[in-house]
>>> print(open('model_7.pdb').read())   # PDB, C-alpha atoms
ATOM      1  CA  MET X   1     -21.412 115.417  31.725  1.00  0.00           C
ATOM      2  CA  ARG X   2     -19.598 115.150  28.374  1.00  0.00           C
ATOM      3  CA  GLU X   3     -19.957 111.373  28.300  1.00  0.00           C
ATOM      4  CA  GLU X   4     -23.686 111.564  29.074  1.00  0.00           C
ATOM      5  CA  ILE X   5     -24.134 113.986  26.179  1.00  0.00           C
ATOM      6  CA  PHE X   6     -22.146 111.716  23.855  1.00  0.00           C
ATOM      7  CA  LYS X   7     -24.347 108.739  24.785  1.00  0.00           C
ATOM      8  CA  TYR X   8     -27.494 110.789  24.275  1.00  0.00           C
ATOM      9  CA  VAL X   9     -26.573 112.107  20.796  1.00  0.00           C
ATOM     10  CA  LYS X  10     -25.361 108.690  19.684  1.00  0.00           C
ATOM     11  CA  LYS X  11     -28.662 107.094  20.669  1.00  0.00           C
ATOM     12  CA  LYS X  12     -30.940 109.899  19.438  1.00  0.00           C
ATOM     13  CA  TYR X  13     -29.067 111.161  16.361  1.00  0.00           C
ATOM     14  CA  GLN X  14     -26.530 108.391  15.582  1.00  0.00           C
ATOM     15  CA  THR X  15     -23.803 111.016  16.001  1.00  0.00           C
ATOM     16  CA  VAL X  16     -20.386 110.565  17.559  1.00  0.00           C
ATOM     17  CA  PRO X  17     -18.012 113.359  18.573  1.00  0.00           C
ATOM     18  CA  ASP X  18     -15.516 114.618  16.049  1.00  0.00           C
ATOM     19  CA  TYR X  19     -12.242 116.272  17.137  1.00  0.00           C
ATOM     20  CA  PRO X  20     -11.264 118.544  14.211  1.00  0.00           C
ATOM     21  CA  PHE X  21      -8.964 121.011  15.996  1.00  0.00           C
ATOM     22  CA  ARG X  22      -5.245 120.266  16.181  1.00  0.00           C
ATOM     23  CA  THR X  23      -4.726 123.191  18.559  1.00  0.00           C
ATOM     24  CA  ALA X  24      -7.664 122.152  20.782  1.00  0.00           C
ATOM     25  CA  PRO X  25      -7.742 118.339  20.682  1.00  0.00           C
ATOM     26  CA  THR X  26     -10.149 118.110  23.639  1.00  0.00           C
ATOM     27  CA  TYR X  27     -12.898 120.171  21.941  1.00  0.00           C
ATOM     28  CA  PRO X  28     -15.425 117.778  20.382  1.00  0.00           C
ATOM     29  CA  VAL X  29     -17.806 118.893  17.667  1.00  0.00           C
ATOM     30  CA  LEU X  30     -21.190 117.246  17.112  1.00  0.00           C
ATOM     31  CA  ARG X  31     -22.389 117.285  13.502  1.00  0.00           C
ATOM     32  CA  HIS X  32     -25.493 116.382  11.551  1.00  0.00           C
ATOM     33  CA  ALA X  33     -24.887 113.053   9.823  1.00  0.00           C
ATOM     34  CA  ASP X  34     -26.339 114.134   6.475  1.00  0.00           C
ATOM     35  CA  ASN X  35     -24.749 117.549   5.855  1.00  0.00           C
ATOM     36  CA  ARG X  36     -21.916 117.508   8.440  1.00  0.00           C
ATOM     37  CA  LYS X  37     -22.931 120.932   9.806  1.00  0.00           C
ATOM     38  CA  TRP X  38     -22.209 121.507  13.459  1.00  0.00           C
ATOM     39  CA  PHE X  39     -25.008 121.558  15.998  1.00  0.00           C
ATOM     40  CA  ALA X  40     -22.846 121.579  19.123  1.00  0.00           C
ATOM     41  CA  LEU X  41     -19.307 122.192  20.343  1.00  0.00           C
ATOM     42  CA  ILE X  42     -18.002 121.306  23.806  1.00  0.00           C
ATOM     43  CA  MET X  43     -15.108 123.289  25.230  1.00  0.00           C
ATOM     44  CA  ASP X  44     -13.555 124.296  28.526  1.00  0.00           C
ATOM     45  CA  VAL X  45     -13.176 127.993  29.234  1.00  0.00           C
ATOM     46  CA  PRO X  46     -12.173 130.138  32.209  1.00  0.00           C
ATOM     47  CA  ARG X  47     -15.210 131.098  34.291  1.00  0.00           C
ATOM     48  CA  GLU X  48     -14.270 134.780  33.978  1.00  0.00           C
ATOM     49  CA  LYS X  49     -14.754 134.593  30.173  1.00  0.00           C
ATOM     50  CA  LEU X  50     -18.438 133.904  30.858  1.00  0.00           C
ATOM     51  CA  GLY X  51     -18.715 136.778  33.311  1.00  0.00           C
ATOM     52  CA  LEU X  52     -18.538 134.448  36.325  1.00  0.00           C
ATOM     53  CA  LYS X  53     -16.262 134.740  39.336  1.00  0.00           C
ATOM     54  CA  GLY X  54     -13.087 132.705  39.369  1.00  0.00           C
ATOM     55  CA  ALA X  55     -10.425 131.775  36.870  1.00  0.00           C
ATOM     56  CA  GLU X  56     -10.847 127.995  36.944  1.00  0.00           C
ATOM     57  CA  TYR X  57     -11.963 126.286  33.765  1.00  0.00           C
ATOM     58  CA  VAL X  58     -15.481 124.948  33.273  1.00  0.00           C
ATOM     59  CA  ASP X  59     -16.975 122.826  30.521  1.00  0.00           C
ATOM     60  CA  ILE X  60     -19.588 124.444  28.312  1.00  0.00           C
ATOM     61  CA  ILE X  61     -21.549 123.259  25.338  1.00  0.00           C
ATOM     62  CA  ASN X  62     -22.281 125.666  22.510  1.00  0.00           C
ATOM     63  CA  VAL X  63     -25.589 124.730  20.938  1.00  0.00           C
ATOM     64  CA  LYS X  64     -27.070 126.084  17.739  1.00  0.00           C
ATOM     65  CA  LEU X  65     -30.611 127.434  18.040  1.00  0.00           C
ATOM     66  CA  GLY X  66     -32.836 128.503  15.208  1.00  0.00           C
ATOM     67  CA  ASP X  67     -34.710 131.128  17.188  1.00  0.00           C
ATOM     68  CA  PRO X  68     -32.938 134.297  18.418  1.00  0.00           C
ATOM     69  CA  MET X  69     -35.899 135.104  20.692  1.00  0.00           C
ATOM     70  CA  LEU X  70     -35.518 131.737  22.423  1.00  0.00           C
ATOM     71  CA  ALA X  71     -31.810 132.458  22.898  1.00  0.00           C
ATOM     72  CA  ASP X  72     -32.650 135.839  24.446  1.00  0.00           C
ATOM     73  CA  MET X  73     -35.038 134.145  26.891  1.00  0.00           C
ATOM     74  CA  LEU X  74     -32.638 131.340  27.827  1.00  0.00           C
ATOM     75  CA  VAL X  75     -29.642 133.572  28.569  1.00  0.00           C
ATOM     76  CA  ARG X  76     -31.643 135.198  31.356  1.00  0.00           C
ATOM     77  CA  GLN X  77     -31.561 131.917  33.266  1.00  0.00           C
ATOM     78  CA  PRO X  78     -28.643 130.637  35.352  1.00  0.00           C
ATOM     79  CA  GLY X  79     -26.137 128.557  33.386  1.00  0.00           C
ATOM     80  CA  TYR X  80     -27.025 129.981  29.967  1.00  0.00           C
ATOM     81  CA  PHE X  81     -24.963 132.530  28.044  1.00  0.00           C
ATOM     82  CA  TYR X  82     -24.805 134.009  24.586  1.00  0.00           C
ATOM     83  CA  GLY X  83     -22.556 131.857  22.437  1.00  0.00           C
ATOM     84  CA  TYR X  84     -18.969 131.988  23.642  1.00  0.00           C
ATOM     85  CA  HIS X  85     -16.508 132.465  20.800  1.00  0.00           C
ATOM     86  CA  ILE X  86     -19.140 131.723  18.163  1.00  0.00           C
ATOM     87  CA  SER X  87     -21.950 133.587  16.356  1.00  0.00           C
ATOM     88  CA  ARG X  88     -24.066 135.036  19.132  1.00  0.00           C
ATOM     89  CA  SER X  89     -27.238 135.345  17.083  1.00  0.00           C
ATOM     90  CA  SER X  90     -27.849 131.647  16.607  1.00  0.00           C
ATOM     91  CA  TRP X  91     -25.773 129.951  19.328  1.00  0.00           C
ATOM     92  CA  ILE X  92     -25.900 129.788  23.125  1.00  0.00           C
ATOM     93  CA  SER X  93     -23.424 128.399  25.647  1.00  0.00           C
ATOM     94  CA  ILE X  94     -24.613 126.197  28.487  1.00  0.00           C
ATOM     95  CA  LEU X  95     -22.599 125.401  31.616  1.00  0.00           C
ATOM     96  CA  LEU X  96     -21.963 121.690  32.065  1.00  0.00           C
ATOM     97  CA  ASP X  97     -21.358 121.922  35.813  1.00  0.00           C
ATOM     98  CA  GLY X  98     -24.849 120.826  36.898  1.00  0.00           C
ATOM     99  CA  THR X  99     -26.316 124.348  36.980  1.00  0.00           C
ATOM    100  CA  VAL X 100     -28.521 123.311  34.046  1.00  0.00           C
ATOM    101  CA  PRO X 101     -29.993 119.816  34.441  1.00  0.00           C
ATOM    102  CA  PHE X 102     -28.935 117.224  31.867  1.00  0.00           C
ATOM    103  CA  GLU X 103     -32.539 116.675  30.757  1.00  0.00           C
ATOM    104  CA  GLU X 104     -32.902 120.383  30.016  1.00  0.00           C
ATOM    105  CA  ILE X 105     -29.717 120.391  27.959  1.00  0.00           C
ATOM    106  CA  CYS X 106     -31.048 117.505  25.900  1.00  0.00           C
TER     107      CYS X 106
END
>>> encode(input="model_7.pdb", output="structure tokens")
Amino acid sequence: MREEIFKYVKKKYQTVPDYPFRTAPTYPVLRHADNRKWFALIMDVPREKLGLKGAEYVDIINVKLGDPMLADMLVRQPGYFYGYHISRSSWISILLDGTVPFEEIC
């Protein structure tokens, strides 16, 4: 699903992934073109870190939201979590395993 997301943000926002982490070279960051602030980060994490069963790694996308109430509502649905390894008040994590449809992620 990473490639679909990359195509979507390139078309909609003229943004391409940036790989700023030397220690995590497979973690792309998506940034606003004008101010270079992040709006998304894709990473792979063990399922157990999200409170799910199993130790295998899954892709997630951390997305910045402006509304903490919206975040609270979303994390009650399957495939949504409070931001993993990032500020929980303004970010959520979304499973990229098909649990959440691509259109909903967009």
>>> residues_around(input="model_7.pdb", residues="Asp44 in chain X", least_positions_apart="3", cutoff="10 Å", atoms="only C-alpha atoms", output="ChimeraX atom specification")
/X:24,26-27,47,56-61,95-96
>>> write_last_selection(input="model_7.pdb", atoms="C-alpha atoms", output="CSV table (one decimal), keeping the file's coordinate frame")
chain,number,residue,atom,x,y,z
X,24,ALA,CA,-7.7,122.2,20.8
X,26,THR,CA,-10.1,118.1,23.6
X,27,TYR,CA,-12.9,120.2,21.9
X,47,ARG,CA,-15.2,131.1,34.3
X,56,GLU,CA,-10.8,128.0,36.9
X,57,TYR,CA,-12.0,126.3,33.8
X,58,VAL,CA,-15.5,124.9,33.3
X,59,ASP,CA,-17.0,122.8,30.5
X,60,ILE,CA,-19.6,124.4,28.3
X,61,ILE,CA,-21.5,123.3,25.3
X,95,LEU,CA,-22.6,125.4,31.6
X,96,LEU,CA,-22.0,121.7,32.1
>>> closest_residue(input="model_7.pdb", among="X:Val100, X:Ala55, X:Pro25, X:Ser89", to="Met43 in chain X", atoms="only C-alpha atoms")
X:Pro25
>>> residues_around(input="model_7.pdb", residues="range 1-4 of chain X", least_positions_apart="2", cutoff="8 Å", atoms="all atoms listed in the file", output="short mmCIF file (atom, residue, chain, number, x, y, z; two decimals) with C-alpha atoms, keeping the file's coordinate frame")
data_model
loop_
_atom_site.label_atom_id
_atom_site.label_comp_id
_atom_site.auth_asym_id
_atom_site.auth_seq_id
_atom_site.Cartn_x
_atom_site.Cartn_y
_atom_site.Cartn_z
CA PHE X 6 -22.15 111.72 23.86
CA LYS X 7 -24.35 108.74 24.78
CA TYR X 8 -27.49 110.79 24.28
CA ILE X 42 -18.00 121.31 23.81
CA LEU X 96 -21.96 121.69 32.06
CA ASP X 97 -21.36 121.92 35.81
CA PHE X 102 -28.94 117.22 31.87
#
>>> resolve_selection(input="model_7.pdb", expression="the PyMOL selection byres ((chain X and resi 83) around 10)", output="ChimeraX atom specification")
/X:50,60-64,71,75,80-82,84-94
>>> write_last_selection(input="model_7.pdb", atoms="C-alpha atoms", output="PDB file, in the frame of the given file")
ATOM      1  CA  LEU X  50     -18.438 133.904  30.858  1.00  0.00           C
ATOM      2  CA  ILE X  60     -19.588 124.444  28.312  1.00  0.00           C
ATOM      3  CA  ILE X  61     -21.549 123.259  25.338  1.00  0.00           C
ATOM      4  CA  ASN X  62     -22.281 125.666  22.510  1.00  0.00           C
ATOM      5  CA  VAL X  63     -25.589 124.730  20.938  1.00  0.00           C
ATOM      6  CA  LYS X  64     -27.070 126.084  17.739  1.00  0.00           C
ATOM      7  CA  ALA X  71     -31.810 132.458  22.898  1.00  0.00           C
ATOM      8  CA  VAL X  75     -29.642 133.572  28.569  1.00  0.00           C
ATOM      9  CA  TYR X  80     -27.025 129.981  29.967  1.00  0.00           C
ATOM     10  CA  PHE X  81     -24.963 132.530  28.044  1.00  0.00           C
ATOM     11  CA  TYR X  82     -24.805 134.009  24.586  1.00  0.00           C
ATOM     12  CA  TYR X  84     -18.969 131.988  23.642  1.00  0.00           C
ATOM     13  CA  HIS X  85     -16.508 132.465  20.800  1.00  0.00           C
ATOM     14  CA  ILE X  86     -19.140 131.723  18.163  1.00  0.00           C
ATOM     15  CA  SER X  87     -21.950 133.587  16.356  1.00  0.00           C
ATOM     16  CA  ARG X  88     -24.066 135.036  19.132  1.00  0.00           C
ATOM     17  CA  SER X  89     -27.238 135.345  17.083  1.00  0.00           C
ATOM     18  CA  SER X  90     -27.849 131.647  16.607  1.00  0.00           C
ATOM     19  CA  TRP X  91     -25.773 129.951  19.328  1.00  0.00           C
ATOM     20  CA  ILE X  92     -25.900 129.788  23.125  1.00  0.00           C
ATOM     21  CA  SER X  93     -23.424 128.399  25.647  1.00  0.00           C
ATOM     22  CA  ILE X  94     -24.613 126.197  28.487  1.00  0.00           C
TER      23      ILE X  94
END
>>> atom_distance(input="model_7.pdb", atom1="CA of Leu52 in chain X", atom2="CA of Met69 in chain X")
23.4 Å
>>> resolve_selection(input="model_7.pdb", expression="the PyMOL selection byres ((chain X and resi 31) around 9)", output="list in words")
Thr15, Val16, Pro17, Asp18, Val29, Leu30, His32, Ala33, Asp34, Asn35, Arg36, Lys37, Trp38, Phe39, Ala40 and Leu41 of chain X
>>> atom_distance(input="model_7.pdb", atom1="CA of Ile105 in chain X", atom2="CA of Ile5 in chain X")
8.7 Å
>>> atom_distance(input="model_7.pdb", atom1="CA of Arg76 in chain X", atom2="CA of Lys12 in chain X")
28.0 Å
>>> closest_residue(input="model_7.pdb", among="X:Cys106, X:Gly66, X:Pro46, X:Gly51", to="Gly79 in chain X", atoms="only C-alpha atoms")
X:Gly51
>>> axis_aligned_box(input="model_7.pdb", around="range 26-31 of chain X", padding_each_side="4 Å", output="JSON")
{"center_x": -16.3, "center_y": 118.7, "center_z": 18.6, "size_x": 20.2, "size_y": 10.9, "size_z": 18.1}
>>> build_atoms(input="model_7.pdb", residues="range 33-54 of chain X", atoms="N, CA and C atoms", output="PDB file, in the coordinates of the input")
ATOM      1  N   ALA X  33     -25.434 114.135  10.637  1.00  0.00           N
ATOM      2  CA  ALA X  33     -24.887 113.053   9.823  1.00  0.00           C
ATOM      3  C   ALA X  33     -25.020 113.323   8.322  1.00  0.00           C
ATOM      4  N   ASP X  34     -26.103 113.959   7.904  1.00  0.00           N
ATOM      5  CA  ASP X  34     -26.339 114.134   6.475  1.00  0.00           C
ATOM      6  C   ASP X  34     -25.520 115.258   5.839  1.00  0.00           C
ATOM      7  N   ASN X  35     -25.449 116.422   6.485  1.00  0.00           N
ATOM      8  CA  ASN X  35     -24.749 117.549   5.855  1.00  0.00           C
ATOM      9  C   ASN X  35     -23.456 117.958   6.566  1.00  0.00           C
ATOM     10  N   ARG X  36     -23.157 117.289   7.671  1.00  0.00           N
ATOM     11  CA  ARG X  36     -21.916 117.508   8.440  1.00  0.00           C
ATOM     12  C   ARG X  36     -21.825 118.884   9.080  1.00  0.00           C
ATOM     13  N   LYS X  37     -22.936 119.635   9.126  1.00  0.00           N
ATOM     14  CA  LYS X  37     -22.931 120.932   9.806  1.00  0.00           C
ATOM     15  C   LYS X  37     -22.958 120.711  11.310  1.00  0.00           C
ATOM     16  N   TRP X  38     -22.269 121.592  12.007  1.00  0.00           N
ATOM     17  CA  TRP X  38     -22.209 121.507  13.459  1.00  0.00           C
ATOM     18  C   TRP X  38     -23.562 121.828  14.077  1.00  0.00           C
ATOM     19  N   PHE X  39     -23.885 121.127  15.169  1.00  0.00           N
ATOM     20  CA  PHE X  39     -25.008 121.558  15.998  1.00  0.00           C
ATOM     21  C   PHE X  39     -24.572 121.767  17.437  1.00  0.00           C
ATOM     22  N   ALA X  40     -23.350 121.345  17.767  1.00  0.00           N
ATOM     23  CA  ALA X  40     -22.846 121.579  19.123  1.00  0.00           C
ATOM     24  C   ALA X  40     -21.323 121.495  19.146  1.00  0.00           C
ATOM     25  N   LEU X  41     -20.751 122.197  20.098  1.00  0.00           N
ATOM     26  CA  LEU X  41     -19.307 122.192  20.343  1.00  0.00           C
ATOM     27  C   LEU X  41     -19.110 122.235  21.850  1.00  0.00           C
ATOM     28  N   ILE X  42     -18.303 121.315  22.371  1.00  0.00           N
ATOM     29  CA  ILE X  42     -18.002 121.306  23.806  1.00  0.00           C
ATOM     30  C   ILE X  42     -16.579 121.816  23.987  1.00  0.00           C
ATOM     31  N   MET X  43     -16.422 122.713  24.956  1.00  0.00           N
ATOM     32  CA  MET X  43     -15.108 123.289  25.230  1.00  0.00           C
ATOM     33  C   MET X  43     -14.980 123.609  26.715  1.00  0.00           C
ATOM     34  N   ASP X  44     -13.761 123.820  27.156  1.00  0.00           N
ATOM     35  CA  ASP X  44     -13.555 124.296  28.526  1.00  0.00           C
ATOM     36  C   ASP X  44     -12.975 125.704  28.444  1.00  0.00           C
ATOM     37  N   VAL X  45     -13.560 126.582  29.260  1.00  0.00           N
ATOM     38  CA  VAL X  45     -13.176 127.993  29.234  1.00  0.00           C
ATOM     39  C   VAL X  45     -13.043 128.500  30.666  1.00  0.00           C
ATOM     40  N   PRO X  46     -12.250 129.543  30.872  1.00  0.00           N
ATOM     41  CA  PRO X  46     -12.173 130.138  32.209  1.00  0.00           C
ATOM     42  C   PRO X  46     -13.525 130.753  32.583  1.00  0.00           C
ATOM     43  N   ARG X  47     -13.922 130.571  33.819  1.00  0.00           N
ATOM     44  CA  ARG X  47     -15.210 131.098  34.291  1.00  0.00           C
ATOM     45  C   ARG X  47     -15.337 132.594  34.002  1.00  0.00           C
ATOM     46  N   GLU X  48     -14.235 133.324  34.165  1.00  0.00           N
ATOM     47  CA  GLU X  48     -14.270 134.780  33.978  1.00  0.00           C
ATOM     48  C   GLU X  48     -14.651 135.169  32.549  1.00  0.00           C
ATOM     49  N   LYS X  49     -14.385 134.304  31.565  1.00  0.00           N
ATOM     50  CA  LYS X  49     -14.754 134.593  30.173  1.00  0.00           C
ATOM     51  C   LYS X  49     -16.269 134.588  29.978  1.00  0.00           C
ATOM     52  N   LEU X  50     -16.973 133.949  30.913  1.00  0.00           N
ATOM     53  CA  LEU X  50     -18.438 133.904  30.858  1.00  0.00           C
ATOM     54  C   LEU X  50     -19.067 134.972  31.749  1.00  0.00           C
ATOM     55  N   GLY X  51     -18.205 135.760  32.400  1.00  0.00           N
ATOM     56  CA  GLY X  51     -18.715 136.778  33.311  1.00  0.00           C
ATOM     57  C   GLY X  51     -18.949 136.245  34.713  1.00  0.00           C
ATOM     58  N   LEU X  52     -18.391 135.063  35.007  1.00  0.00           N
ATOM     59  CA  LEU X  52     -18.538 134.448  36.325  1.00  0.00           C
ATOM     60  C   LEU X  52     -17.286 134.702  37.156  1.00  0.00           C
ATOM     61  N   LYS X  53     -17.408 134.559  38.456  1.00  0.00           N
ATOM     62  CA  LYS X  53     -16.262 134.740  39.336  1.00  0.00           C
ATOM     63  C   LYS X  53     -15.361 133.513  39.272  1.00  0.00           C
ATOM     64  N   GLY X  54     -14.068 133.780  39.350  1.00  0.00           N
ATOM     65  CA  GLY X  54     -13.087 132.705  39.369  1.00  0.00           C
ATOM     66  C   GLY X  54     -12.402 132.542  38.030  1.00  0.00           C
TER      67      GLY X  54
END
